[in-house]
Amino acid sequence: MKRLLASLLLIIPAAFSASADNDVPQVANVLNRHTTSLNGKWNYIVDVQEEGFYDYRMKPNRWGFFLNAKPQKPEDLIEYDFDKSPSMNIPGDWNTQDDKLFFYEGTVWFKRSFSWHPSSDRRTILYFGAANYDTHVYVNGTHVGHHIGGFTPFNYDVTDLLKDGDNVVIVKVDNKRRVENIPTLIFDWWNYGGITRDVLLVDVPTTYIENYKLALLSQSEKKGKVRLIDFSLNLNKAVAGQQVTLSIPELKVKQSLQTDKDGKVSTTLRVSKLQLWSPDSPKLYDVNLVCGNDTLHDAIGFRTVETRGKQILLNGEPIFLRGISIHEEKSNGGGRANCTEDAHHLLSWAKELGCNFVRLAHYPHNEYAVREAERMGFLVWSELPVYWTIDWTNDATFNNALHQLNDMVARDQNRANIIIWSIANETPHSPERDSFLSRLAKSARALDNTRLISMAMEVTSADHYHNRLQDNMNEYVDVISFNEYIGWYRDVNDAPKMTWEVPYNKPVIISEFGGGAKAGYHGAENQRWTEEFQERLYKENIAMLDKIDGLSGTTPWILKDFRSPRRVLFGVQDYYNRKGLFSDNGDKKKAFYILRQWYDSKKSASQNNNKKK
Ligand code: GCU
């Protein structure tokens, strides 16, 4: 029995031996705060068998990698040394920085030293824009937190762990796919692993602004020329009587409020001469917040979005969403996109296509991308990676999805351009799936009732040429969105014969349609993989979809060829999904021009309608 107990003890992760849970709620608007960047070269150790985490042998000199141990005597045995290990650029996935890790799915440890000089009455928050997927963080050998999820920020108050002088942060990232994860075991994109977004030390006072929200109330609530803006803010502490000052100089707003016993304030602002945010006029206002020693600036746009029957209304006017789907992948041949320049490059292609809308698939993209889209005038569909065959009956999986939803909304709730929160993509129908998603949809609406809720559904055809959408989730969403692949996965020649039935009095978005082509491969239009095949597919799908009653937008699949381990056709796919309108080298395919022509016609029609008013 003793041996059994001893062996069980051996597998207790040594990593938790010195642990403090420093997890604090997400600090909003970090990019506009005073930060010290830890981006740059980090040493790394690939740890296939979790050597550095589980102390199977319990040898006296057995050290977990998180301690960054060094031999003290010549005879000491330490079987790792970060400082002698290779380094890679952070933020950045490991797959495209080390050929040996291109397909790797497992644990990699990262180490960064930095010097620090703590100052009194300040706190230091260690912030990660994201790390994919299962992450443990250690500061000077102490475990400060464990985060699950690959696409949303997380942060820890490490103030009391920092030393005056040299400090070490060590991060363990494990990107293994697991059935209980969000996303689950299978998904059609590259499982880029690592610290994929910024690492920052955020400097805040002991009492600081944790989050806030400014939202223009809907058209129906305006009082003539006067517009109403809801404002709410919460501090990191439940302290009453703190003075919070909000100013929006251009709107002649300056309000001082006192926090309540929960450290919160809220009010409704009355403003006039408000210039609304829209794709054609992406107006952002300087917003300043002050609370004690904490000052924070943001750039915020004001608009309303709602539905009326089968129409989507932006600022009270019907809008057609000329969209495109985008994966978060650099435009120059792969790797996780993670900065403004990456986003600007991809969004410039979308602008060239004539888009006013982007579906940031299939997970929350980095904050730079959302803010750049806002500046450039793109409406945004932001999505949770609740993708395909999720473990619907697993409570931990639901809580994971809920956590990622909360983090997505907390980070971006002030981005005027986000109009849709999407809670899922192509999830097989079942009572368990309906239960999971309906709870998630209700949570999304409770978190934020100023945006539309949707999800990418699947079409169930009533008979061969008649396509009928039927999804129990219709009552939980504001917009009926679905993916269809007529011309690619089915009915290659039958798009012109197809009719559609969407039996719900709600707007319709086609969240995916499209087909593959290898850029530069030309031939007959019935020859799979030619640009001509894709071009014909777009022509026929557009003609077919344009007849759908209530069609309010499309986000064809996809802007750019992207890496996927599921696409293995040698010489054609080569681990790329080739449905892009741009190749992975940035070459336009012929279908690009078909979609642009259609969007140009949609834009002209909209301008003519506006002139008639
Ligand atoms: C699905 C899925 C995408 C995938 C696409 C495809 O609709 O939502 O993630 O890449 O089909 O098969 O190319």
# chains A, B, ... in the order shown; residues from 1 in each chain; ligands from 1
$ residues_near_ligand --ligand "ligand 1" --cutoff "9 Å" --atoms "only C-alpha atoms and all ligand atoms" --output "ChimeraX atom specification"
/A:187-189,361-362,387-388,425-426,456,458,482-485,489,511-516,557-558,562,564,577-579
$ closest_residue --among "A:Lys442, A:Lys252, A:His403, A:His466" --to "Asp286 (chain A)" --atoms "only C-alpha atoms"
A:Lys252
$ residues_around --residues "region 240-251 of chain A" --least-positions-apart "4" --cutoff "10 Å" --atoms "only C-alpha atoms" --output "MDAnalysis selection string"
chainID A and resid 207 209 231 233:235 255:265 270:275 285:292 294:300
$ write_last_selection --atoms "N, CA, C and O atoms" --output "short mmCIF file (atom, residue, chain, number, x, y, z; two decimals), in the first residue's frame"
data_model
loop_
_atom_site.label_atom_id
_atom_site.label_comp_id
_atom_site.auth_asym_id
_atom_site.auth_seq_id
_atom_site.Cartn_x
_atom_site.Cartn_y
_atom_site.Cartn_z
N THR A 207 -5.55 50.99 -6.47
CA THR A 207 -6.97 51.02 -6.87
C THR A 207 -7.02 51.51 -8.31
O THR A 207 -6.56 52.62 -8.60
N ILE A 209 -8.96 51.28 -12.49
CA ILE A 209 -10.15 51.04 -13.34
C ILE A 209 -10.00 49.66 -13.96
O ILE A 209 -9.09 49.43 -14.76
N PHE A 231 -23.25 54.74 -19.53
CA PHE A 231 -21.86 54.62 -19.09
C PHE A 231 -21.82 53.81 -17.80
O PHE A 231 -22.63 54.07 -16.87
N LEU A 233 -18.81 51.66 -15.09
CA LEU A 233 -17.38 51.43 -14.81
C LEU A 233 -17.27 50.70 -13.49
O LEU A 233 -18.08 50.92 -12.58
N ASN A 234 -16.29 49.81 -13.39
CA ASN A 234 -16.03 49.20 -12.08
C ASN A 234 -14.53 49.22 -11.78
O ASN A 234 -13.70 49.05 -12.68
N LEU A 235 -14.22 49.44 -10.53
CA LEU A 235 -12.83 49.43 -10.08
C LEU A 235 -12.44 47.99 -9.75
O LEU A 235 -13.28 47.10 -9.69
N GLN A 255 -18.12 64.46 -16.57
CA GLN A 255 -18.97 64.05 -15.44
C GLN A 255 -18.11 63.43 -14.35
O GLN A 255 -17.23 62.62 -14.63
N SER A 256 -18.38 63.83 -13.13
CA SER A 256 -17.70 63.19 -11.99
C SER A 256 -18.73 62.44 -11.20
O SER A 256 -19.81 62.94 -10.91
N LEU A 257 -18.39 61.20 -10.85
CA LEU A 257 -19.33 60.32 -10.15
C LEU A 257 -18.60 59.67 -8.99
O LEU A 257 -17.38 59.52 -9.01
N GLN A 258 -19.35 59.26 -7.99
CA GLN A 258 -18.77 58.57 -6.83
C GLN A 258 -19.09 57.08 -6.91
O GLN A 258 -20.23 56.71 -7.20
N THR A 259 -18.09 56.25 -6.64
CA THR A 259 -18.36 54.81 -6.70
C THR A 259 -19.27 54.39 -5.54
O THR A 259 -19.25 55.00 -4.47
N ASP A 260 -20.04 53.32 -5.80
CA ASP A 260 -20.90 52.77 -4.74
C ASP A 260 -20.11 51.75 -3.91
O ASP A 260 -18.90 51.58 -4.11
N LYS A 261 -20.78 51.05 -3.04
CA LYS A 261 -20.09 50.13 -2.10
C LYS A 261 -19.37 49.00 -2.85
O LYS A 261 -18.46 48.37 -2.32
N ASP A 262 -19.78 48.79 -4.11
CA ASP A 262 -19.14 47.72 -4.91
C ASP A 262 -18.02 48.25 -5.81
O ASP A 262 -17.49 47.54 -6.66
N GLY A 263 -17.73 49.56 -5.66
CA GLY A 263 -16.68 50.13 -6.50
C GLY A 263 -17.14 50.38 -7.92
O GLY A 263 -16.34 50.35 -8.86
N LYS A 264 -18.46 50.60 -8.08
CA LYS A 264 -19.03 50.80 -9.43
C LYS A 264 -19.66 52.18 -9.55
O LYS A 264 -20.10 52.76 -8.53
N VAL A 265 -19.70 52.64 -10.80
CA VAL A 265 -20.49 53.84 -11.12
C VAL A 265 -21.28 53.54 -12.39
O VAL A 265 -20.88 52.69 -13.20
N ARG A 270 -26.35 62.54 -21.76
CA ARG A 270 -27.19 63.14 -22.82
C ARG A 270 -26.27 63.99 -23.67
O ARG A 270 -25.62 64.91 -23.17
N VAL A 271 -26.16 63.63 -24.93
CA VAL A 271 -25.24 64.36 -25.82
C VAL A 271 -25.98 64.80 -27.06
O VAL A 271 -26.98 64.19 -27.48
N SER A 272 -25.49 65.85 -27.70
CA SER A 272 -26.06 66.28 -28.99
C SER A 272 -24.91 66.45 -29.99
O SER A 272 -23.74 66.44 -29.63
N LYS A 273 -25.30 66.60 -31.25
CA LYS A 273 -24.30 66.70 -32.33
C LYS A 273 -23.35 65.50 -32.35
O LYS A 273 -22.15 65.64 -32.57
N LEU A 274 -23.89 64.32 -32.04
CA LEU A 274 -23.06 63.11 -32.04
C LEU A 274 -22.86 62.62 -33.47
O LEU A 274 -23.82 62.45 -34.22
N GLN A 275 -21.61 62.43 -33.86
CA GLN A 275 -21.31 61.86 -35.19
C GLN A 275 -21.22 60.35 -35.02
O GLN A 275 -20.37 59.85 -34.32
N TYR A 285 -14.20 58.92 -30.83
CA TYR A 285 -14.07 60.06 -29.91
C TYR A 285 -13.00 59.76 -28.85
O TYR A 285 -12.90 58.63 -28.36
N ASP A 286 -12.22 60.78 -28.51
CA ASP A 286 -11.28 60.65 -27.39
C ASP A 286 -12.09 60.59 -26.10
O ASP A 286 -12.91 61.48 -25.83
N VAL A 287 -11.83 59.54 -25.33
CA VAL A 287 -12.51 59.36 -24.04
C VAL A 287 -11.43 59.30 -22.97
O VAL A 287 -10.43 58.58 -23.11
N ASN A 288 -11.62 60.07 -21.91
CA ASN A 288 -10.64 60.06 -20.81
C ASN A 288 -11.34 59.68 -19.51
O ASN A 288 -12.42 60.20 -19.22
N LEU A 289 -10.68 58.78 -18.78
CA LEU A 289 -11.23 58.34 -17.49
C LEU A 289 -10.18 58.59 -16.42
O LEU A 289 -8.99 58.32 -16.62
N VAL A 290 -10.61 59.15 -15.30
CA VAL A 290 -9.68 59.38 -14.19
C VAL A 290 -10.34 58.88 -12.92
O VAL A 290 -11.53 59.13 -12.67
N CYS A 291 -9.54 58.11 -12.14
CA CYS A 291 -10.01 57.72 -10.80
C CYS A 291 -8.79 57.73 -9.90
O CYS A 291 -7.90 56.88 -10.04
N GLY A 292 -8.71 58.69 -9.04
CA GLY A 292 -7.55 58.80 -8.15
C GLY A 292 -6.27 58.91 -8.97
O GLY A 292 -6.15 59.76 -9.84
N ASP A 294 -5.33 56.78 -11.18
CA ASP A 294 -5.44 56.02 -12.43
C ASP A 294 -6.07 56.89 -13.52
O ASP A 294 -7.17 57.42 -13.35
N THR A 295 -5.33 57.04 -14.62
CA THR A 295 -5.91 57.76 -15.77
C THR A 295 -5.83 56.84 -16.97
O THR A 295 -4.86 56.09 -17.13
N LEU A 296 -6.86 56.88 -17.80
CA LEU A 296 -6.95 55.95 -18.93
C LEU A 296 -7.61 56.65 -20.11
O LEU A 296 -8.61 57.35 -19.94
N HIS A 297 -7.01 56.48 -21.29
CA HIS A 297 -7.58 57.07 -22.51
C HIS A 297 -8.08 55.94 -23.40
O HIS A 297 -7.49 54.85 -23.43
N ASP A 298 -9.15 56.22 -24.12
CA ASP A 298 -9.61 55.27 -25.13
C ASP A 298 -10.15 56.06 -26.32
O ASP A 298 -10.39 57.27 -26.21
N ALA A 299 -10.32 55.38 -27.44
CA ALA A 299 -10.93 55.99 -28.64
C ALA A 299 -12.18 55.16 -28.92
O ALA A 299 -12.06 53.95 -29.20
N ILE A 300 -13.35 55.76 -28.77
CA ILE A 300 -14.59 54.99 -28.81
C ILE A 300 -15.56 55.59 -29.83
O ILE A 300 -15.73 56.81 -29.93
#
$ closest_residue --among "A:Asp76, A:Glu341, A:Asp574, A:Glu501" --to "Lys547 (chain A)" --atoms "only C-alpha atoms"
A:Glu501
